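Note sheet for the following structure.
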Amino acid sequence: MSDSDLRVAIIGGGIGGLSLGLALRERGLRADVFEQAPELAEIGAAIALSANALREYARLGLVDELAAASTVPTELIYRHWRDGHRIAAEPVAKDNAYVERFGAPYFGIHRADLQKTLSTAFGVENVHLGCRLVNLVQQSDSVVLEFANGRVEHADVVVGADGVRSTVRRWVTGADDMVYSGTSAFRGIVPVANLPSLPDPQAIQFWMGPDAHLLHYAIGGHGEAVNFFAVVNTPRIWLPEASVVDVADEVPVASFRGWHPAVTEMIKAASSPIRWALFGVRPLLHWYRGRVVILGDAAHGMLPHHGQGANTSIEDAFALAALLTEKPDDLESTFAQFQVLRRARTRKIQRSSWVTSGLFHLPDGPAAEARNEKVARFVQDFGWIHEYDVQRALHSAGVAPAAAAQARA
Amino acid sequence: MTQDEVLAGVAEVVGRIAKVDPVNVGAEQSFADLGIDSVTMVDVVVAAEDRFGVMLLDDDWSQFTNVGDAVGYIQQLAATGPTGATQPAR
């Protein structure tokens, strides 16, 4: 089978699925994306794209368009929950420090803007909306995909990029591997003009305190709004079927009683009192079965405290595209190699994000002081997350990096 | 699987990741002394999982202090089957 004959079906039109479509195209392979939603409307407000993902988009020539809709944070700042003093800070846009260190920029962007750039670049004609996967049937030489709308498709390879509640993962592992973290979040987007108490509104900032933390960063081409994510250590168990529930208007701000006015002002200014349960995916031994493989949150759903859920999905996408093009006839070995390349990396970030949640929520005291010393060593302790280069990792594994593959095509 | 077989497998994995000769990796050696921190430990865990075909649960391996802890845990898993970990239908 030549590369171009391989029929690749991607389940999920989120950031991972669309990135895979683009990554496959870069290597001369076409794919179809099947998305259950009737339109592309990414949930979850905003996202921070870091160098490990942006260096891939940069190669595809997407960075200028993304930059026009993004804000580069001035600094990364950690603050005390009550008095707001700076615990630690690291320059980002300042002195071009982040790009100098990690080789690509750091962007705060609305998810909808990112998704629009990706889907336009990929080609909306290859994105099939309103297609909710209900069944996979593996045959000897293909997979039959059955959708709720009656559509039936045949593919040689199926990639589940369908998120933390993945249908494809359930087919691969035979179990529900989603785990509730015991934490939930309130989120919102607030115009900077409505945040008079906020110091450094253009920075990415963590406010850390007992049983909770607040993260925010500016988004939009001119840093005109602030996206926030306020995490609390409740409820201990999550009973609803849905991941989000409405709460009374006063609940979000009441969860941050006694915090710095900038924190309560921001939470109060958001219009939607919704609680989001934070789920992860239990580490898995296998990410594939037969002709079907999973990536991104479906494979390694993680807590968002390193801001790496989408970024690692993008890494996965470019790694899988390279491996699939290399050996389209030997899926077993391709998928095994994909796991070898990706499982330890994503497990580390998954684990570290889980541990970080607890560290951010320490009460004042010796443990919080030790944590403060750790966050002050951000580049030394967490630089490995941002400096990662998928193409270099592929090269080390003996796979042709994208530029070489393009030249060969 | 005997304890010696598991130890040999763990020593091979630890040796590769810590860049030391596996013959110099013993059960009593601490991961800290081998230069394995909490991040590098994940490389050991994932490599051991792939080698032995069992899942090492985060809450469990994060308590390991020496090579022997990992060996005892893996030996128990191999004998009783994985606890709480997903085994895909293959």
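We label chains A, B, ... in the order they appear in the structure tokens, count residues from 1 in each chain, and number ligands from 1 in the order shown.
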Neighbours of Val20 of chain B within 12 Å (only C-alpha atoms; same-chain residues fewer than 3 positions away dropped), as a PyMOL selection string? chain B and resi 11-17+23-26+33-36
Taking the chain letters and numbering used in this document, name the residues of segment 15-75 of chain B that DSSP puts in helix (DSSP H, G or I), as an MDAnalysis selection string. chainID B and resid 15:18 22:24 38:52 58:61 67:75
For chain B, work out the contacting residues on chain A at 8 Å, counting only C-alpha atoms, and write them as a PDB file with N, CA and C atoms, in the first residue's frame.
ATOM      1  N   VAL A 172     -10.797   0.490  23.003  1.00  0.00           N
ATOM      2  CA  VAL A 172      -9.407  -0.001  23.065  1.00  0.00           C
ATOM      3  C   VAL A 172      -9.141  -0.746  24.377  1.00  0.00           C
ATOM      4  N   THR A 173      -9.559  -0.154  25.498  1.00  0.00           N
ATOM      5  CA  THR A 173      -9.199  -0.760  26.799  1.00  0.00           C
ATOM      6  C   THR A 173     -10.305  -1.631  27.377  1.00  0.00           C
ATOM      7  N   GLY A 174     -11.508  -1.447  26.916  1.00  0.00           N
ATOM      8  CA  GLY A 174     -12.621  -2.224  27.444  1.00  0.00           C
ATOM      9  C   GLY A 174     -13.083  -1.753  28.807  1.00  0.00           C
ATOM     10  N   ALA A 175     -12.683  -0.541  29.206  1.00  0.00           N
ATOM     11  CA  ALA A 175     -13.060  -0.045  30.533  1.00  0.00           C
ATOM     12  C   ALA A 175     -13.221   1.473  30.484  1.00  0.00           C
ATOM     13  N   ASP A 177     -11.711   4.543  31.995  1.00  0.00           N
ATOM     14  CA  ASP A 177     -10.489   4.841  32.745  1.00  0.00           C
ATOM     15  C   ASP A 177     -10.424   6.279  33.229  1.00  0.00           C
ATOM     16  N   LEU A 284      -2.436   4.246  31.241  1.00  0.00           N
ATOM     17  CA  LEU A 284      -2.802   3.027  30.518  1.00  0.00           C
ATOM     18  C   LEU A 284      -1.552   2.308  30.022  1.00  0.00           C
ATOM     19  N   LEU A 285      -1.650   0.985  29.969  1.00  0.00           N
ATOM     20  CA  LEU A 285      -0.525   0.175  29.485  1.00  0.00           C
ATOM     21  C   LEU A 285      -0.502   0.153  27.956  1.00  0.00           C
ATOM     22  N   HIS A 286      -1.676   0.219  27.344  1.00  0.00           N
ATOM     23  CA  HIS A 286      -1.743   0.159  25.881  1.00  0.00           C
ATOM     24  C   HIS A 286      -2.632   1.256  25.339  1.00  0.00           C
ATOM     25  N   ARG A 289      -5.298  -0.939  19.841  1.00  0.00           N
ATOM     26  CA  ARG A 289      -5.794  -2.296  19.679  1.00  0.00           C
ATOM     27  C   ARG A 289      -6.070  -2.459  18.194  1.00  0.00           C
ATOM     28  N   ARG A 343       4.671   7.587  25.779  1.00  0.00           N
ATOM     29  CA  ARG A 343       4.031   7.220  27.046  1.00  0.00           C
ATOM     30  C   ARG A 343       4.773   7.773  28.263  1.00  0.00           C
ATOM     31  N   ALA A 344       6.104   7.692  28.271  1.00  0.00           N
ATOM     32  CA  ALA A 344       6.833   8.189  29.439  1.00  0.00           C
ATOM     33  C   ALA A 344       6.736   9.708  29.533  1.00  0.00           C
ATOM     34  N   ARG A 347       3.254  10.654  30.694  1.00  0.00           N
ATOM     35  CA  ARG A 347       3.019  10.166  32.059  1.00  0.00           C
ATOM     36  C   ARG A 347       3.702  11.091  33.077  1.00  0.00           C
ATOM     37  N   LYS A 348       4.880  11.589  32.710  1.00  0.00           N
ATOM     38  CA  LYS A 348       5.601  12.500  33.604  1.00  0.00           C
ATOM     39  C   LYS A 348       4.797  13.772  33.835  1.00  0.00           C
ATOM     40  N   ARG A 351       1.622  13.028  35.836  1.00  0.00           N
ATOM     41  CA  ARG A 351       1.936  12.826  37.251  1.00  0.00           C
ATOM     42  C   ARG A 351       2.274  14.166  37.922  1.00  0.00           C
ATOM     43  N   SER A 352       3.115  14.941  37.255  1.00  0.00           N
ATOM     44  CA  SER A 352       3.545  16.204  37.832  1.00  0.00           C
ATOM     45  C   SER A 352       2.353  17.159  37.985  1.00  0.00           C
TER      46      SER A 352
END
Just want the 12 Å neighbourhood of Gly150 of chain A, counted on only C-alpha atoms, with same-chain residues fewer than 6 positions away dropped. Output as a list of chain:residue names. A:Gly130, A:Cys131, A:Arg132, A:Leu133, A:Val134, A:Asn135
What does the structure give for the distance between atom CA of Leu76 of chain A and atom CA of Asp200 of chain A, in Å to one decimal? 10.0 Å
Segment 298-307 of chain A: which residues within 7 Å, counting only C-alpha atoms, same-chain residues fewer than 2 positions away excluded, as a ChimeraX atom specification? /A:48,160-166,169,278-281,283,287,294-296,309,346,350,353-354,356-357
Would you please give, as number ranges by chain, all residues of segment 209-245 of chain A that DSSP assigns to strand (DSSP E or B) based on the backbone? A: 209, 212-219, 225-232, 244-245
Rounded to one decimal in Å, what is the spacing between atom CA of Gly28 of chain A and atom CA of Thr167 of chain A?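 Separation between atom CA of Gly28 of chain A and atom CA of Thr167 of chain A: 27.9 Å.
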Mind giving me the straight-line distance from atom CA of Leu215 of chain A to atom CA of Phe186 of chain A in Å, one decimal?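 If I compute the distance from atom CA of Leu215 of chain A to atom CA of Phe186 of chain A, I get 10.6 Å.
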Find the residues near Ala370 of chain A: any atom within 10 Å, counting only C-alpha atoms, skip ones fewer than 5 places away on the same chain, and give them as a list in words.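 Within the cut-off, the hits are Leu359, Gly365 and Val375 of chain A.
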